[in-house]
file input-v2.cif (mmCIF, C-alpha atoms)
data_data
#
loop_
_atom_site.group_PDB
_atom_site.id
_atom_site.type_symbol
_atom_site.label_atom_id
_atom_site.label_comp_id
_atom_site.auth_asym_id
_atom_site.auth_seq_id
_atom_site.Cartn_x
_atom_site.Cartn_y
_atom_site.Cartn_z
ATOM 1 C CA MET A 1187 82.719 119.454 71.872
ATOM 2 C CA THR A 1188 83.391 115.794 72.414
ATOM 3 C CA GLY A 1189 85.940 113.940 70.340
ATOM 4 C CA GLN A 1190 87.129 110.373 70.167
ATOM 5 C CA GLY A 1191 90.431 109.757 71.910
ATOM 6 C CA GLY A 1192 91.239 106.273 70.784
ATOM 7 C CA LYS A 1193 89.455 103.077 71.714
ATOM 8 C CA GLU A 1194 89.151 103.625 75.463
ATOM 9 C CA PHE A 1195 88.867 107.388 75.968
ATOM 10 C CA VAL A 1196 86.794 110.401 74.951
ATOM 11 C CA CYS A 1197 87.944 114.030 74.965
ATOM 12 C CA LYS A 1198 85.566 116.821 75.941
ATOM 13 C CA ALA A 1199 86.883 120.243 74.888
ATOM 14 C CA TYR A 1200 85.354 123.525 76.024
ATOM 15 C CA ALA A 1201 86.115 127.252 76.186
ATOM 16 C CA VAL A 1202 85.987 129.531 79.224
ATOM 17 C CA MET A 1203 86.090 133.319 78.983
ATOM 18 C CA ARG A 1204 88.888 134.939 80.981
ATOM 19 C CA ARG A 1205 87.713 137.033 83.884
ATOM 20 C CA GLY A 1206 87.701 140.719 83.012
ATOM 21 C CA GLN A 1207 88.874 140.110 79.437
ATOM 22 C CA ASN A 1208 87.272 139.462 76.089
ATOM 23 C CA ARG A 1209 89.532 136.419 75.513
ATOM 24 C CA TRP A 1210 88.910 132.690 75.737
ATOM 25 C CA ASP A 1211 90.919 129.820 77.208
ATOM 26 C CA GLY A 1212 90.645 126.303 75.825
ATOM 27 C CA TRP A 1213 90.213 123.477 78.331
ATOM 28 C CA TYR A 1214 89.620 119.752 78.045
ATOM 29 C CA ASP A 1215 88.717 116.642 80.022
ATOM 30 C CA ILE A 1216 89.607 113.050 79.184
ATOM 31 C CA LEU A 1217 86.896 110.545 80.088
ATOM 32 C CA GLN A 1218 86.579 106.765 79.988
ATOM 33 C CA LYS A 1219 84.560 105.875 76.915
ATOM 34 C CA LYS A 1220 82.537 103.103 78.541
ATOM 35 C CA ASP A 1221 81.159 105.011 81.548
ATOM 36 C CA ARG A 1222 82.343 108.625 81.034
ATOM 37 C CA SER A 1223 84.260 108.555 84.338
ATOM 38 C CA PRO A 1224 86.985 111.233 84.484
ATOM 39 C CA VAL A 1225 90.588 110.259 83.788
ATOM 40 C CA ARG A 1226 92.104 113.730 83.486
ATOM 41 C CA THR A 1227 90.097 116.908 84.041
ATOM 42 C CA PHE A 1228 90.386 120.686 83.831
ATOM 43 C CA VAL A 1229 93.446 120.738 81.572
ATOM 44 C CA ARG A 1230 94.083 124.246 80.237
ATOM 45 C CA VAL A 1231 95.659 124.993 76.876
ATOM 46 C CA PRO A 1232 98.810 127.017 77.606
ATOM 47 C CA SER A 1233 98.297 130.450 76.057
ATOM 48 C CA GLN A 1234 99.497 133.782 77.412
ATOM 49 C CA GLU A 1235 97.117 135.810 75.272
ATOM 50 C CA GLY A 1236 94.126 133.495 75.108
ATOM 51 C CA PHE A 1237 91.944 133.152 72.032
ATOM 52 C CA ALA A 1238 89.697 135.766 70.431
ATOM 53 C CA ASP A 1239 87.157 133.105 69.471
ATOM 54 C CA ALA A 1240 85.622 130.328 71.592
ATOM 55 C CA ASP A 1241 85.667 127.883 68.655
ATOM 56 C CA LEU A 1242 89.420 128.378 68.219
ATOM 57 C CA ALA A 1243 89.955 127.778 71.932
ATOM 58 C CA CYS A 1244 88.015 124.504 71.663
ATOM 59 C CA GLN A 1245 89.942 123.464 68.567
ATOM 60 C CA ALA A 1246 93.256 124.080 70.356
ATOM 61 C CA ALA A 1247 92.012 122.031 73.322
ATOM 62 C CA GLU A 1248 91.031 119.138 71.045
ATOM 63 C CA ILE A 1249 94.472 119.139 69.411
ATOM 64 C CA LEU A 1250 96.291 119.231 72.751
ATOM 65 C CA ALA A 1251 94.091 116.439 74.107
ATOM 66 C CA GLU A 1252 94.905 114.259 71.077
ATOM 67 C CA TRP A 1253 98.642 114.881 71.586
ATOM 68 C CA ASP A 1254 98.375 114.133 75.314
ATOM 69 C CA LEU A 1255 96.499 110.893 74.660
ATOM 70 C CA ALA A 1256 99.010 109.822 72.011
ATOM 71 C CA ALA A 1257 101.853 110.478 74.481
ATOM 72 C CA GLY A 1258 100.023 108.735 77.327
ATOM 73 C CA TYR A 1259 99.848 111.767 79.614
ATOM 74 C CA GLY A 1260 97.349 111.329 82.422
ATOM 75 C CA VAL A 1261 96.375 107.867 81.215
ATOM 76 C CA ARG A 1262 97.486 104.854 83.173
ATOM 77 C CA LYS A 1263 99.021 102.129 81.099
ATOM 78 C CA PRO A 1264 98.706 98.502 82.191
ATOM 79 C CA ALA A 1265 101.773 97.011 83.850
ATOM 80 C CA CYS A 1266 103.520 94.302 81.861
#

call {"tool": "encode", "arguments": {"input": "input-v2.cif", "output": "structure tokens"}}
result
Amino acid sequence: MTGQGGKEFVCKAYAVMRRGQNRWDGWYDILQKKDRSPVRTFVRVPSQEGFADADLACQAAEILAEWDLAAGYGVRKPAC
């Protein structure tokens, strides 16, 4: 799933099944919108239990990515 992360960035959320478990982890990457170059990659949604459904894991990753972008985490801001 790819979502818009503001004017300059795109979020790509995905789910990965935990090894040896029937649970999913949500992950996301933040990419530059213009050339899709990575800004922040392989960010895992913190969850001790994981998610029973891959779609829920992706949704959690999208939400966390939006919060991280809004807070400026992993995104360089221009110097004044």

call {"tool": "closest_residue", "arguments": {"input": "input-v2.cif", "among": "A:Val1231, A:Val1225, A:Ala1243, A:Val1196", "to": "Trp1210 of chain A", "atoms": "all atoms listed in the file"}}
result
A:Ala1243

call {"tool": "atom_distance", "arguments": {"input": "input-v2.cif", "atom1": "atom CA of Asp1239 of chain A", "atom2": "atom CA of Gln1218 of chain A"}}
result
28.4 Å

call {"tool": "resolve_selection", "arguments": {"input": "input-v2.cif", "expression": "the PyMOL selection byres ((chain A and resi 1201-1209) around 8)", "output": "list in words"}}
result
Ala1199, Tyr1200, Trp1210, Asp1211, Gly1212, Trp1213, Glu1235, Gly1236, Phe1237, Ala1238, Asp1239, Ala1240, Asp1241, Ala1243 and Cys1244 of chain A

call {"tool": "atom_distance", "arguments": {"input": "input-v2.cif", "atom1": "atom CA of Leu1242 of chain A", "atom2": "atom CA of Ala1257 of chain A"}}
result
22.7 Å

call {"tool": "closest_residue", "arguments": {"input": "input-v2.cif", "among": "A:Gln1245, A:Gln1234, A:Lys1193, A:Asp1254", "to": "Lys1219 of chain A", "atoms": "only C-alpha atoms"}}
result
A:Lys1193

call {"tool": "closest_residue", "arguments": {"input": "input-v2.cif", "among": "A:Lys1220, A:Glu1248, A:Ala1256, A:Arg1230", "to": "Lys1198 of chain A", "atoms": "only C-alpha atoms"}}
result
A:Glu1248

call {"tool": "residues_around", "arguments": {"input": "input-v2.cif", "residues": "Thr1227 of chain A", "least_positions_apart": "5", "cutoff": "8 Å", "atoms": "all atoms listed in the file", "output": "list in words"}}
result
Tyr1214, Asp1215 and Ile1216 of chain A

call {"tool": "atom_distance", "arguments": {"input": "input-v2.cif", "atom1": "atom CA of Pro1224 of chain A", "atom2": "atom CA of Glu1194 of chain A"}}
result
12.0 Å
